[in-house]
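Read through the structure below, which is laid out as structure tokens, and then see the notes.
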Amino acid sequence: MAWRGWAHRGWGCGQAWAQPVGGRSCEDLTAALAPPRLLGRRFNFFIQQKCGFRKAPRKVEPRRSDTGTSGEAYKRSALIPPVEETVFYPSPYPIRTLVKPLFFTVGFTGCAFGSAAIWQYESLKSRVQSYFDGVKADWLDSIRPQKEGDFRKEINKWWNNLSDGQRTVTGIIAANVFVFCLWRVPSLQRTMIRYFTSNPASKVLCSPMLLSTFSHFSLFHMAANMYVLWSFSSSIVNILGQEQFMAVYLSAGVISNFVSYVCKVATGRYGPSLGASGAIMTVLAAVCTKIPEGRLAIIFLPMFTFTAGNALKAIIAMDTAGMVLGWKFFDHAAHLGGALFGIWYITYGHELIWKNREPLVKIWHEMRTNSPKKGGGSK
């Protein structure tokens, strides 16, 4: 009880419990050890705190970067927006930050493939009607007087000359261009960083995993990604079909971002990521796995060709090295996660997921059949 009272009395030595040491009291020792006062009380240093055992609680500051200097890590890459003033809040328990993204990844992937199965069912159901509508439209065009230089006709002609894959990715490219334009609006910078960049240290964790897949800050970054997507669009849609491709692409964006989250939490290298590279790596890996003997070439070096299988091995090796060595120019963890997902889906996922969609389609068919038909009586 006496010792507790001594500690409670203050940070110094208490008179009631302290014993004189060598004939000198604690007050004498304090006065002897204290530095001289300079300019009155302005430089009065108190050393009584050294006699106690408690320390002032340390204030936890919000984390701004993984290197300690605000924005230092992000300036190494020109593909991400300047986020020097953005404050991130890494959790004291980093593993817990992955719980919500994990459930979001699983839930969104299931919803994407379920929606794609229903979409395919509705497309097949309306194919006959679309055929007759097309015949009727062709007949009307044949009897309708033609206009020279009709802009709408030229657009329709261009659209009809595109492959199914190119028509499918046109909407994806348009969405990426629209988000790229939003980055150019100064008043939207904070909103774009909050919702269109993925970072496990951010307050918003789930929605950026999808939205950042359509987000590019650099024009070169967007142009390169969209060129690769356009180049592989016909092949991947011929392999998977339009509906299944959309499910794979959107799921790949979320899954690759989740792999990025795991890598950042494990290494402590927090920072924002954005771009469609993870989803595009899934497309590239799927095509290269399905057609390993296909010949590929680099856009600026078309004279050098190589097989798709060798290209996939080189990409995986480079991204693995970048993830291990901590290269910061690209999000190598997201690239690697997207590539592995593409390989897995072509090898096993198509059999496990897409070919087992019949129960869901039957449920949807029964719901459509039993639902009351819309209609009104005659007036």
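So you can find residues: chains in the structure tokens are A, B, ... in the order shown, residues in each start at 1, and ligands are numbered from 1 in order.
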| Could you pull the residues within 10 Å of Leu205 of chain A, counting only C-alpha atoms, minus those fewer than 2 positions along the same chain, as a ChimeraX atom specification? | /A:97-98,100-101,104,194-195,197-203,207-209,258,261
**Item:** Residue contacts of segment 291-299 of chain A (8 Å, only C-alpha atoms) excluding same-chain residues fewer than 4 positions away, as number ranges by chain
**Value:** A: 287, 303-311
(message) One decimal, in Å: what's the spacing between atom CA of Met281 of chain A and atom CA of Val262 of chain A?
(response)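 Atom-to-atom, atom CA of Met281 of chain A to atom CA of Val262 of chain A, that is 18.1 Å.
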Self-check item: Who sits within 10 Å of Leu312 of chain A, only C-alpha atoms, same chain under 6 positions skipped, as a ChimeraX atom specification
Solution: /A:281,284-289,292,318,339,343
Pick out the residues sitting within 12 Å of segment 245-248 of chain A, and hand them over as an NGL selection string; count only C-alpha atoms, and ignore anything fewer than 6 positions along from it in its own chain.
-> :A and (108-120 or 164-165 or 168-169 or 171-172 or 229 or 232-239 or 254-256 or 278-283 or 286-287 or 338 or 341-346 or 349-350 or 353-354)
